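Dropping input31.txt in here (compact mmCIF, C-alpha atoms and all ligand atoms):
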# COMPACT_ATOMS: atom_id res chain seq x y z
CA MET X 1 27.11 7.75 -24.53
CA ARG X 2 27.61 4.88 -22.14
CA PRO X 3 24.48 3.00 -21.09
CA LEU X 4 22.55 4.16 -18.03
CA ASN X 5 21.82 1.96 -15.03
CA GLU X 6 20.85 -1.50 -16.30
CA THR X 7 18.42 -2.37 -13.52
CA ILE X 8 16.43 0.82 -13.94
CA THR X 9 16.54 0.61 -17.73
CA ALA X 10 15.13 -2.92 -17.53
CA CYS X 11 12.24 -1.86 -15.26
CA PRO X 12 9.14 -1.14 -17.38
CA PRO X 13 7.16 2.04 -16.67
CA SER X 14 4.16 1.57 -14.37
CA GLY X 15 1.29 -0.11 -16.19
CA ILE X 16 -1.12 2.23 -14.41
CA ARG X 17 0.32 5.35 -16.02
CA ARG X 18 -0.69 4.40 -19.56
CA PHE X 19 -4.37 4.30 -18.57
CA PHE X 20 -4.16 7.70 -16.90
CA ASP X 21 -2.69 9.11 -20.08
CA ILE X 22 -5.54 7.75 -22.23
CA ALA X 23 -8.16 8.87 -19.66
CA ALA X 24 -6.64 12.36 -19.47
CA GLU X 25 -7.47 12.89 -23.15
CA MET X 26 -11.14 11.93 -22.67
CA ASP X 27 -14.23 13.75 -21.31
CA ASP X 28 -16.65 12.45 -18.74
CA VAL X 29 -14.42 9.66 -17.46
CA VAL X 30 -15.46 7.95 -14.24
CA SER X 31 -12.15 7.02 -12.72
CA LEU X 32 -11.85 3.99 -10.50
CA GLY X 33 -8.18 3.99 -11.39
CA VAL X 34 -6.40 6.00 -8.75
CA GLY X 35 -5.30 4.62 -5.40
CA GLU X 36 -5.94 7.89 -3.66
CA PRO X 37 -8.67 9.14 -1.31
CA ASP X 38 -11.21 11.44 -2.95
CA PHE X 39 -11.45 13.31 0.36
CA VAL X 40 -9.44 16.42 1.01
CA THR X 41 -7.29 16.22 4.16
CA PRO X 42 -9.53 16.86 7.21
CA TRP X 43 -9.68 20.56 8.06
CA ARG X 44 -8.08 20.33 11.51
CA ILE X 45 -5.01 18.69 9.94
CA ARG X 46 -4.79 21.31 7.20
CA GLU X 47 -5.18 24.03 9.82
CA ALA X 48 -2.27 22.56 11.79
CA GLY X 49 -0.21 22.76 8.59
CA ILE X 50 -1.24 26.39 8.09
CA TYR X 51 -0.29 27.25 11.71
CA ALA X 52 3.02 25.48 11.19
CA LEU X 53 3.75 27.82 8.29
CA GLU X 54 2.55 30.85 10.26
CA HIS X 55 4.92 29.90 13.05
CA GLY X 56 7.81 29.60 10.64
CA HIS X 57 8.26 25.83 10.79
CA THR X 58 10.03 25.95 7.47
CA THR X 59 13.35 24.38 8.45
CA TYR X 60 14.65 20.83 8.43
CA THR X 61 13.66 18.79 11.45
CA GLY X 62 16.07 16.35 13.08
CA ASN X 63 16.82 13.49 10.67
CA ALA X 64 14.64 11.00 12.53
CA GLY X 65 11.67 13.39 12.55
CA LEU X 66 9.85 15.39 15.23
CA PRO X 67 10.17 13.65 18.62
CA GLU X 68 6.49 14.30 19.36
CA LEU X 69 5.40 12.62 16.15
CA ARG X 70 7.59 9.59 16.83
CA ARG X 71 6.21 9.37 20.36
CA LEU X 72 2.60 9.55 19.10
CA ILE X 73 3.26 6.86 16.47
CA CYS X 74 4.82 4.50 19.02
CA ASP X 75 2.00 5.17 21.52
CA ASP X 76 -0.52 4.47 18.78
CA LEU X 77 1.16 1.19 17.78
CA ALA X 78 1.25 0.10 21.42
CA ARG X 79 -2.36 1.08 22.15
CA ARG X 80 -3.96 -0.25 18.98
CA TYR X 81 -1.86 -3.33 18.27
CA ASP X 82 0.30 -3.99 21.32
CA ALA X 83 3.35 -3.47 19.10
CA ARG X 84 6.18 -2.01 21.16
CA TYR X 85 8.73 0.40 19.69
CA THR X 86 10.77 3.09 21.40
CA PRO X 87 10.41 6.52 19.77
CA ASP X 88 14.09 7.39 20.14
CA ARG X 89 15.75 4.36 18.64
CA GLU X 90 13.15 2.36 16.76
CA CYS X 91 10.98 4.82 14.84
CA LEU X 92 11.91 7.02 11.91
CA ILE X 93 9.71 9.53 10.08
CA THR X 94 9.93 9.01 6.32
CA THR X 95 8.78 10.79 3.19
CA GLY X 96 5.78 8.53 2.83
CA VAL X 97 5.74 4.74 2.98
CA SER X 98 7.46 4.91 -0.40
CA GLU X 99 10.67 6.11 1.21
CA GLY X 100 10.26 3.66 4.11
CA LEU X 101 10.03 0.79 1.63
CA ASP X 102 13.14 1.94 -0.20
CA LEU X 103 15.09 2.36 3.07
CA ALA X 104 14.03 -1.02 4.44
CA LEU X 105 15.10 -2.86 1.31
CA ARG X 106 18.39 -1.00 0.97
CA VAL X 107 19.25 -1.74 4.60
CA LEU X 108 18.31 -5.42 4.44
CA LEU X 109 19.73 -6.43 1.07
CA ASN X 110 23.13 -7.20 -0.33
CA PRO X 111 23.42 -7.42 -4.13
CA GLY X 112 21.77 -10.53 -5.56
CA GLU X 113 19.77 -11.46 -2.45
CA GLU X 114 16.19 -12.52 -3.05
CA VAL X 115 13.00 -11.10 -1.59
CA ILE X 116 9.83 -13.14 -1.76
CA VAL X 117 6.88 -10.98 -2.72
CA PRO X 118 3.41 -12.56 -2.68
CA GLU X 119 1.49 -11.17 -5.64
CA PRO X 120 -0.65 -9.59 -7.01
CA CYS X 121 0.95 -6.74 -5.07
CA TYR X 122 1.49 -3.00 -5.00
CA VAL X 123 3.30 -2.02 -8.20
CA ALA X 124 6.33 -0.54 -6.40
CA TYR X 125 7.33 -3.63 -4.41
CA GLN X 126 9.22 -5.55 -7.05
CA PRO X 127 10.95 -2.52 -8.66
CA CYS X 128 12.05 -1.29 -5.19
CA VAL X 129 13.62 -4.70 -4.49
CA SER X 130 15.52 -4.47 -7.79
CA PHE X 131 16.61 -0.87 -7.22
CA ALA X 132 18.04 -1.97 -3.86
CA GLY X 133 20.15 -4.56 -5.70
CA GLY X 134 17.92 -7.49 -4.79
CA ILE X 135 15.96 -9.98 -6.85
CA PRO X 136 12.18 -10.05 -6.40
CA VAL X 137 10.63 -13.51 -6.40
CA GLY X 138 6.86 -13.40 -6.92
CA VAL X 139 4.71 -16.07 -5.29
CA PRO X 140 1.12 -16.24 -6.52
CA THR X 141 -1.95 -15.92 -4.33
CA ARG X 142 -5.39 -16.98 -5.53
CA ALA X 143 -8.83 -15.40 -5.60
CA GLU X 144 -10.32 -18.73 -4.40
CA ASP X 145 -8.32 -18.31 -1.17
CA GLY X 146 -9.35 -14.68 -0.80
CA PHE X 147 -5.77 -13.82 -1.81
CA ALA X 148 -4.49 -15.15 1.51
CA ILE X 149 -0.76 -15.81 1.31
CA ASP X 150 -0.01 -19.49 0.67
CA VAL X 151 2.74 -19.97 3.25
CA ASP X 152 3.71 -23.39 1.84
CA ALA X 153 4.22 -21.79 -1.58
CA VAL X 154 6.33 -19.08 0.06
CA GLU X 155 8.42 -21.74 1.78
CA ALA X 156 8.84 -23.61 -1.49
CA ALA X 157 10.29 -20.41 -3.01
CA VAL X 158 12.95 -20.03 -0.31
CA THR X 159 16.51 -20.56 -1.59
CA ASP X 160 19.87 -20.02 0.04
CA ARG X 161 19.81 -16.48 -1.42
CA THR X 162 16.45 -15.54 0.15
CA LYS X 163 16.83 -12.68 2.60
CA ALA X 164 13.34 -11.32 3.24
CA ILE X 165 9.62 -11.57 2.61
CA LEU X 166 7.70 -8.41 1.71
CA ILE X 167 3.97 -8.24 2.36
CA GLY X 168 1.22 -5.65 2.37
CA SER X 169 -1.93 -6.10 4.44
CA PRO X 170 -4.55 -4.77 3.93
CA ALA X 171 -3.44 -5.13 0.34
CA ASN X 172 -3.34 -3.07 -2.77
CA PRO X 173 -4.75 -4.23 -5.27
CA THR X 174 -6.89 -7.01 -3.76
CA GLY X 175 -8.21 -5.47 -0.54
CA ALA X 176 -7.20 -8.72 1.16
CA VAL X 177 -6.40 -8.72 4.87
CA GLN X 178 -4.06 -11.53 5.88
CA PRO X 179 -5.60 -13.65 8.66
CA PRO X 180 -3.67 -13.81 11.97
CA ALA X 181 -2.93 -17.50 11.35
CA VAL X 182 -1.16 -16.63 8.09
CA LEU X 183 0.86 -13.93 9.83
CA ARG X 184 1.89 -16.38 12.55
CA ALA X 185 2.85 -19.00 9.96
CA LEU X 186 4.92 -16.43 8.04
CA VAL X 187 6.78 -15.49 11.21
CA ALA X 188 7.45 -19.17 11.99
CA LEU X 189 8.76 -19.62 8.45
CA ALA X 190 10.96 -16.53 8.78
CA GLU X 191 12.36 -17.92 12.03
CA ARG X 192 13.02 -21.33 10.45
CA HIS X 193 14.96 -19.85 7.54
CA ASP X 194 16.35 -16.78 9.33
CA LEU X 195 14.61 -14.28 7.06
CA TYR X 196 13.59 -10.67 7.57
CA LEU X 197 10.02 -9.49 7.11
CA VAL X 198 8.89 -6.17 5.68
CA SER X 199 5.27 -5.33 6.37
CA ASP X 200 3.56 -2.46 4.56
CA GLU X 201 0.64 -1.50 6.80
CA ILE X 202 -0.32 1.78 5.15
CA TYR X 203 -3.99 0.71 5.07
CA ASP X 204 -4.09 -0.41 8.73
CA ARG X 205 -7.01 1.83 9.66
CA LEU X 206 -8.97 0.86 6.54
CA THR X 207 -10.34 -2.49 7.62
CA TYR X 208 -14.05 -3.25 7.44
CA THR X 209 -14.69 -6.79 8.55
CA GLY X 210 -12.23 -7.33 11.38
CA THR X 211 -9.33 -5.78 13.20
CA HIS X 212 -5.88 -5.10 11.87
CA HIS X 213 -2.97 -7.12 13.24
CA CYS X 214 0.42 -5.46 13.16
CA LEU X 215 3.09 -7.94 12.07
CA GLY X 216 5.55 -6.39 14.53
CA ALA X 217 3.31 -7.59 17.40
CA VAL X 218 3.16 -11.23 16.30
CA PRO X 219 5.24 -13.29 18.75
CA GLY X 220 8.73 -13.90 17.38
CA ALA X 221 8.43 -11.28 14.64
CA ARG X 222 9.77 -8.15 16.24
CA GLU X 223 13.54 -8.63 15.91
CA ARG X 224 13.30 -9.52 12.20
CA THR X 225 10.49 -7.22 11.07
CA VAL X 226 10.29 -3.74 9.58
CA VAL X 227 6.81 -2.22 9.85
CA LEU X 228 5.89 0.62 7.50
CA GLY X 229 2.96 2.97 7.90
CA GLY X 230 1.85 6.42 6.97
CA PHE X 231 -0.77 9.10 6.65
CA SER X 232 -1.53 9.09 2.91
CA LYS X 233 -4.56 6.84 2.90
CA ALA X 234 -6.62 6.84 6.13
CA GLN X 235 -5.90 10.51 6.84
CA ALA X 236 -6.21 11.49 3.15
CA MET X 237 -2.74 13.08 3.15
CA THR X 238 -1.15 11.73 -0.05
CA GLY X 239 0.37 15.06 -1.04
CA TRP X 240 1.94 15.79 2.35
CA ARG X 241 4.48 12.96 1.94
CA VAL X 242 4.79 11.65 5.46
CA GLY X 243 5.08 8.12 6.78
CA TRP X 244 7.11 6.12 9.27
CA LEU X 245 9.29 3.07 9.70
CA ALA X 246 9.36 1.05 12.94
CA ALA X 247 12.02 -1.60 13.43
CA PRO X 248 14.45 -2.88 16.06
CA GLY X 249 17.35 -0.53 16.84
CA PRO X 250 20.05 -1.98 14.55
CA ILE X 251 17.76 -1.87 11.49
CA ALA X 252 16.24 1.54 12.33
CA ASP X 253 19.75 2.89 12.91
CA LEU X 254 20.93 1.93 9.43
CA ALA X 255 17.69 3.21 7.86
CA LEU X 256 18.37 6.54 9.59
CA ARG X 257 21.90 6.50 8.19
CA VAL X 258 20.64 6.21 4.61
CA HIS X 259 17.81 8.68 5.23
CA GLN X 260 20.15 11.32 6.70
CA TYR X 261 22.28 11.31 3.57
CA THR X 262 19.47 11.02 1.01
CA MET X 263 16.25 12.63 2.28
CA LEU X 264 17.52 14.48 5.39
CA CYS X 265 14.00 14.63 6.82
CA ALA X 266 10.34 14.44 5.89
CA PRO X 267 8.70 17.85 5.23
CA HIS X 268 8.52 19.82 8.50
CA VAL X 269 5.04 21.26 7.90
CA SER X 270 3.71 17.80 7.08
CA GLN X 271 5.17 16.36 10.27
CA VAL X 272 3.39 19.04 12.33
CA ALA X 273 0.16 18.22 10.48
CA ALA X 274 0.70 14.50 11.13
CA VAL X 275 1.01 15.24 14.86
CA GLU X 276 -2.44 16.80 14.70
CA ALA X 277 -3.72 13.82 12.68
CA LEU X 278 -2.78 11.47 15.51
CA ARG X 279 -3.75 13.82 18.33
CA ALA X 280 -7.17 14.89 17.17
CA ALA X 281 -8.34 13.46 13.84
CA GLU X 282 -9.42 9.90 14.66
CA GLY X 283 -13.07 11.02 14.42
CA ASP X 284 -12.47 12.37 10.91
CA VAL X 285 -10.74 9.13 9.95
CA ALA X 286 -13.63 7.07 11.32
CA GLU X 287 -16.10 9.08 9.23
CA MET X 288 -14.10 8.50 6.05
CA VAL X 289 -13.71 4.79 6.85
CA ALA X 290 -17.48 4.49 7.38
CA ASP X 291 -18.02 6.15 4.02
CA TYR X 292 -15.58 3.82 2.24
CA ASP X 293 -17.38 0.90 3.85
CA ARG X 294 -20.78 2.09 2.52
CA ARG X 295 -19.29 2.44 -0.97
CA ARG X 296 -17.56 -0.92 -0.67
CA ARG X 297 -20.82 -2.71 0.10
CA VAL X 298 -22.77 -1.04 -2.72
CA PHE X 299 -19.99 -1.48 -5.24
CA VAL X 300 -19.13 -5.12 -4.51
CA LYS X 301 -22.85 -6.03 -4.54
CA GLY X 302 -23.20 -4.18 -7.86
CA LEU X 303 -20.24 -6.01 -9.40
CA ARG X 304 -21.65 -9.37 -8.32
CA GLU X 305 -25.04 -8.45 -9.78
CA LEU X 306 -23.26 -7.83 -13.08
CA GLY X 307 -22.08 -11.41 -12.89
CA LEU X 308 -18.47 -10.58 -11.96
CA GLU X 309 -17.03 -12.75 -9.20
CA CYS X 310 -15.52 -10.52 -6.57
CA PRO X 311 -13.70 -11.80 -3.49
CA GLU X 312 -14.75 -9.86 -0.38
CA PRO X 313 -12.32 -6.93 -0.03
CA ALA X 314 -11.88 -6.65 3.73
CA GLY X 315 -9.57 -3.64 3.73
CA ALA X 316 -7.96 -0.76 1.78
CA PHE X 317 -10.28 0.77 -0.84
CA TYR X 318 -10.06 -1.59 -3.80
CA ALA X 319 -12.28 -4.27 -5.29
CA PHE X 320 -10.53 -6.84 -7.48
CA PRO X 321 -13.23 -8.64 -9.46
CA SER X 322 -12.55 -11.41 -11.92
CA ILE X 323 -13.26 -10.51 -15.55
CA ARG X 324 -12.51 -14.02 -16.84
CA SER X 325 -16.16 -14.50 -17.87
CA SER X 326 -15.64 -11.72 -20.47
CA GLY X 327 -13.09 -13.85 -22.32
CA LEU X 328 -10.78 -10.80 -22.48
CA ASP X 329 -7.39 -10.38 -20.87
CA SER X 330 -7.27 -7.65 -18.24
CA GLU X 331 -5.41 -5.13 -20.39
CA THR X 332 -7.83 -5.47 -23.30
CA PHE X 333 -10.81 -5.36 -20.92
CA ALA X 334 -9.59 -2.16 -19.25
CA GLU X 335 -8.72 -0.46 -22.53
CA ARG X 336 -12.02 -1.35 -24.20
CA LEU X 337 -14.04 -0.38 -21.12
CA LEU X 338 -12.29 2.98 -21.06
CA LYS X 339 -12.75 3.67 -24.76
CA ALA X 340 -16.34 2.38 -24.99
CA GLU X 341 -17.80 3.58 -21.68
CA SER X 342 -15.29 6.04 -20.22
CA VAL X 343 -14.71 4.04 -17.05
CA ALA X 344 -11.07 3.86 -15.96
CA VAL X 345 -9.94 0.75 -14.06
CA VAL X 346 -6.50 -0.84 -13.77
CA PRO X 347 -5.75 -4.20 -15.44
CA GLY X 348 -4.93 -6.78 -12.78
CA GLY X 349 -1.93 -8.06 -14.71
CA VAL X 350 0.09 -4.95 -13.81
CA PHE X 351 0.18 -6.18 -10.19
CA GLY X 352 1.77 -9.52 -11.07
CA PRO X 353 0.93 -12.60 -13.14
CA SER X 354 -1.69 -13.87 -10.69
CA GLY X 355 -3.54 -10.55 -10.99
CA GLU X 356 -4.29 -11.43 -14.62
CA GLY X 357 -7.99 -12.09 -15.22
CA HIS X 358 -8.94 -9.34 -12.75
CA ILE X 359 -9.31 -5.57 -12.74
CA ARG X 360 -8.61 -3.22 -9.86
CA CYS X 361 -11.41 -0.78 -9.11
CA SER X 362 -10.84 1.87 -6.46
CA TYR X 363 -13.95 2.80 -4.50
CA ALA X 364 -12.28 5.92 -3.13
CA THR X 365 -14.81 7.53 -5.46
CA ALA X 366 -18.15 9.14 -4.50
CA LEU X 367 -21.15 6.80 -4.41
CA PRO X 368 -23.04 8.46 -7.32
CA GLN X 369 -19.92 8.02 -9.47
CA LEU X 370 -19.68 4.37 -8.45
CA GLU X 371 -23.29 3.89 -9.48
CA VAL X 372 -22.64 5.47 -12.88
CA ALA X 373 -19.57 3.22 -13.24
CA LEU X 374 -21.63 0.11 -12.48
CA GLU X 375 -24.28 1.07 -15.01
CA ARG X 376 -21.65 1.67 -17.70
CA MET X 377 -19.82 -1.54 -16.86
CA GLY X 378 -23.12 -3.41 -17.20
CA ARG X 379 -23.64 -1.90 -20.64
CA PHE X 380 -20.09 -2.80 -21.62
CA LEU X 381 -20.43 -6.40 -20.45
CA SER X 382 -23.67 -6.91 -22.35
CA SER X 383 -22.06 -5.49 -25.51
CA LEU X 384 -19.39 -8.24 -25.50
N1 LIG X 401 2.05 1.10 -0.11
C1 LIG X 401 0.90 0.80 -0.72
C2 LIG X 401 0.34 -0.57 -0.56
C3 LIG X 401 0.23 1.75 -1.49
O1 LIG X 401 -0.92 1.41 -2.08
C4 LIG X 401 0.81 3.03 -1.65
C5 LIG X 401 0.16 4.04 -2.51
O2 LIG X 401 -0.69 3.75 -3.33
C6 LIG X 401 2.00 3.31 -0.99
C7 LIG X 401 2.59 2.33 -0.23
C8 LIG X 401 2.66 4.66 -1.10
O3 LIG X 401 2.40 5.37 0.09
P1 LIG X 401 2.96 6.81 0.42
O4 LIG X 401 2.01 7.82 -0.16
O5 LIG X 401 2.94 6.87 1.93
O6 LIG X 401 4.32 6.92 -0.13
I need this file expressed as structure tokens, please.
Amino acid sequence: MRPLNETITACPPSGIRRFFDIAAEMDDVVSLGVGEPDFVTPWRIREAGIYALEHGHTTYTGNAGLPELRRLICDDLARRYDARYTPDRECLITTGVSEGLDLALRVLLNPGEEVIVPEPCYVAYQPCVSFAGGIPVGVPTRAEDGFAIDVDAVEAAVTDRTKAILIGSPANPTGAVQPPAVLRALVALAERHDLYLVSDEIYDRLTYTGTHHCLGAVPGARERTVVLGGFSKAQAMTGWRVGWLAAPGPIADLALRVHQYTMLCAPHVSQVAAVEALRAAEGDVAEMVADYDRRRRVFVKGLRELGLECPEPAGAFYAFPSIRSSGLDSETFAERLLKAESVAVVPGGVFGPSGEGHIRCSYATALPQLEVALERMGRFLSSL
């Protein structure tokens, strides 16, 4: 047989998967491994989905998604962040941020063009760049800087093949929120070198120590920026598969062109449920965010009391402590912790070279479980 696609063959399987497979074989595992809310979708949103089925909303929607959902998303972006997009031409409903990311990169890139990706970063960023024919160029961030993007290092990585910069804030796996000054500096850099920006803002509502700033609202950014958002995290809707892409008309138009041939539309029932999420579920979201914040405080304090340095995670639902004091690399640490104490975490190295020496712990896990995890981690650390 002739060889399959070289780019995909060369892409290693997700480093997170292996740990799930080991954990699945074990009893009594406390999992801090998954990047998924432990809450079920708020009832009023589920009910809207049930009504949608009752009313026979089982067809395709228009390719761009339900007009009401696009209008609510654009209203929300304008009200919360002063980011201005028109629902008809500049907003597209996607099958999760995952599809939005894929569309954005396919639309922006020609084969061989480079995308600068500050890391450690979400595991899909670099593979998605490659699948779109591009070349991902990782630029390290450092725990000492709170994982703020080093804009000078980004600029130093720019070549004549660089086409875009891809960021996520609040970030998976670090929980870092990029300060407004960094966002402004990135936009200035993009203007200087005529680059596009892709901004994954899926965790926008999950910020604990300040307010979220939408990159699309930073002066100068709009015409060169694709903003991605969705419902998986703050609204606890991972399984519904609904997100959105907001971008200036020419970019959104091409994204719609790809989407209409590949995905056709996001699930109809999920879009109806997402309408309800934006119309009536902000109270439910606020309750979940308050709960994550309580867990965040307890968990980060607990990690520090165990002697693990942990930069303040200001957003998302991850802590990213250093495990350098253990003398183990992150993969060995995670594997031994899992086998010895049945606590599943993700080795930081899977998120990029500068994630090495850290582990990602999700606190989208009930407080009693977090407390058990801390106790077991303490036992593990003293056994080393
Ligand atoms: N972006 C980030 C930073 C994520 O952490 C995730 C999921 O973990 C996604 C995107 C995927 O989002 P969706 O469920 O909307 O496809």
Tell me, as a PyMOL selection string, which residues lie within 10 Å of X:Tyr203, counting all atoms listed in the file; anything in the same chain fewer than 5 positions away does not count.
-> chain X and resi 168-172+175+177+212+229-234+315-317
Write out as an MDAnalysis selection string the residues lying within 10 Å of stretch 127-140 of chain X, counting all atoms listed in the file and excluding same-chain residues fewer than 2 positions away.
-> chainID X and resid 5 7:8 10:14 98:99 101:121 123:125 142 147:151 153:158 161:166 352:355
How about saving the chosen residues, C-alpha atoms kept, as a PDB file, keeping the file's coordinate frame?
ATOM      1  CA  ASN X   5      21.820   1.960 -15.030  1.00  0.00           C
ATOM      2  CA  THR X   7      18.420  -2.370 -13.520  1.00  0.00           C
ATOM      3  CA  ILE X   8      16.430   0.820 -13.940  1.00  0.00           C
ATOM      4  CA  ALA X  10      15.130  -2.920 -17.530  1.00  0.00           C
ATOM      5  CA  CYS X  11      12.240  -1.860 -15.260  1.00  0.00           C
ATOM      6  CA  PRO X  12       9.140  -1.140 -17.380  1.00  0.00           C
ATOM      7  CA  PRO X  13       7.160   2.040 -16.670  1.00  0.00           C
ATOM      8  CA  SER X  14       4.160   1.570 -14.370  1.00  0.00           C
ATOM      9  CA  SER X  98       7.460   4.910  -0.400  1.00  0.00           C
ATOM     10  CA  GLU X  99      10.670   6.110   1.210  1.00  0.00           C
ATOM     11  CA  LEU X 101      10.030   0.790   1.630  1.00  0.00           C
ATOM     12  CA  ASP X 102      13.140   1.940  -0.200  1.00  0.00           C
ATOM     13  CA  LEU X 103      15.090   2.360   3.070  1.00  0.00           C
ATOM     14  CA  ALA X 104      14.030  -1.020   4.440  1.00  0.00           C
ATOM     15  CA  LEU X 105      15.100  -2.860   1.310  1.00  0.00           C
ATOM     16  CA  ARG X 106      18.390  -1.000   0.970  1.00  0.00           C
ATOM     17  CA  VAL X 107      19.250  -1.740   4.600  1.00  0.00           C
ATOM     18  CA  LEU X 108      18.310  -5.420   4.440  1.00  0.00           C
ATOM     19  CA  LEU X 109      19.730  -6.430   1.070  1.00  0.00           C
ATOM     20  CA  ASN X 110      23.130  -7.200  -0.330  1.00  0.00           C
ATOM     21  CA  PRO X 111      23.420  -7.420  -4.130  1.00  0.00           C
ATOM     22  CA  GLY X 112      21.770 -10.530  -5.560  1.00  0.00           C
ATOM     23  CA  GLU X 113      19.770 -11.460  -2.450  1.00  0.00           C
ATOM     24  CA  GLU X 114      16.190 -12.520  -3.050  1.00  0.00           C
ATOM     25  CA  VAL X 115      13.000 -11.100  -1.590  1.00  0.00           C
ATOM     26  CA  ILE X 116       9.830 -13.140  -1.760  1.00  0.00           C
ATOM     27  CA  VAL X 117       6.880 -10.980  -2.720  1.00  0.00           C
ATOM     28  CA  PRO X 118       3.410 -12.560  -2.680  1.00  0.00           C
ATOM     29  CA  GLU X 119       1.490 -11.170  -5.640  1.00  0.00           C
ATOM     30  CA  PRO X 120      -0.650  -9.590  -7.010  1.00  0.00           C
ATOM     31  CA  CYS X 121       0.950  -6.740  -5.070  1.00  0.00           C
ATOM     32  CA  VAL X 123       3.300  -2.020  -8.200  1.00  0.00           C
ATOM     33  CA  ALA X 124       6.330  -0.540  -6.400  1.00  0.00           C
ATOM     34  CA  TYR X 125       7.330  -3.630  -4.410  1.00  0.00           C
ATOM     35  CA  ARG X 142      -5.390 -16.980  -5.530  1.00  0.00           C
ATOM     36  CA  PHE X 147      -5.770 -13.820  -1.810  1.00  0.00           C
ATOM     37  CA  ALA X 148      -4.490 -15.150   1.510  1.00  0.00           C
ATOM     38  CA  ILE X 149      -0.760 -15.810   1.310  1.00  0.00           C
ATOM     39  CA  ASP X 150      -0.010 -19.490   0.670  1.00  0.00           C
ATOM     40  CA  VAL X 151       2.740 -19.970   3.250  1.00  0.00           C
ATOM     41  CA  ALA X 153       4.220 -21.790  -1.580  1.00  0.00           C
ATOM     42  CA  VAL X 154       6.330 -19.080   0.060  1.00  0.00           C
ATOM     43  CA  GLU X 155       8.420 -21.740   1.780  1.00  0.00           C
ATOM     44  CA  ALA X 156       8.840 -23.610  -1.490  1.00  0.00           C
ATOM     45  CA  ALA X 157      10.290 -20.410  -3.010  1.00  0.00           C
ATOM     46  CA  VAL X 158      12.950 -20.030  -0.310  1.00  0.00           C
ATOM     47  CA  ARG X 161      19.810 -16.480  -1.420  1.00  0.00           C
ATOM     48  CA  THR X 162      16.450 -15.540   0.150  1.00  0.00           C
ATOM     49  CA  LYS X 163      16.830 -12.680   2.600  1.00  0.00           C
ATOM     50  CA  ALA X 164      13.340 -11.320   3.240  1.00  0.00           C
ATOM     51  CA  ILE X 165       9.620 -11.570   2.610  1.00  0.00           C
ATOM     52  CA  LEU X 166       7.700  -8.410   1.710  1.00  0.00           C
ATOM     53  CA  GLY X 352       1.770  -9.520 -11.070  1.00  0.00           C
ATOM     54  CA  PRO X 353       0.930 -12.600 -13.140  1.00  0.00           C
ATOM     55  CA  SER X 354      -1.690 -13.870 -10.690  1.00  0.00           C
ATOM     56  CA  GLY X 355      -3.540 -10.550 -10.990  1.00  0.00           C
TER      57      GLY X 355
END
The distance between atom CA of X:Thr86 and atom CA of X:Thr207 is 25.8 Å
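Nearest to ligand LIG 401 (chain X) of all the residues X:Leu72, X:Val34, X:Val226, X:Leu183 is X:Val34, counting only C-alpha atoms and all ligand atoms.
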Pairwise distance for atom CA of X:Ile251 and atom CA of X:Pro180, rounded to one decimal in Å =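 Distance reported for this atom pair: 24.5 Å.
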Using only C-alpha atoms, the best pick from X:Gly349, X:Gly239, X:Gly210, X:Gly65 as closest to X:Phe333 would be X:Gly349
Taken to one decimal, the atom CA of X:Cys265-atom CA of X:Tyr60 distance is 6.4 Å
Closest of X:Thr61, X:Gln260, X:Thr225, X:Ser362 to ligand LIG 401 (chain X) - atom-to-atom distances counting all atoms listed in the file |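 Nearest candidate to ligand LIG 401 (chain X) out of X:Thr61, X:Gln260, X:Thr225, X:Ser362: X:Ser362.
Considering all atoms listed in the file, the residue among X:Thr58, X:Thr174, X:Thr211, X:Thr9 positioned nearest to ligand LIG 401 (chain X) is X:Thr174.
The list of residues with at least one atom within 12 Å of X:Arg192, based on all atoms listed in the file and without residues fewer than 3 positions apart in the same chain, reads Glu155, Val158, Ala185, Leu186, Val187, Ala188, Leu189, Leu195, Tyr196, Gly220, Ala221 and Arg224 of chain X.
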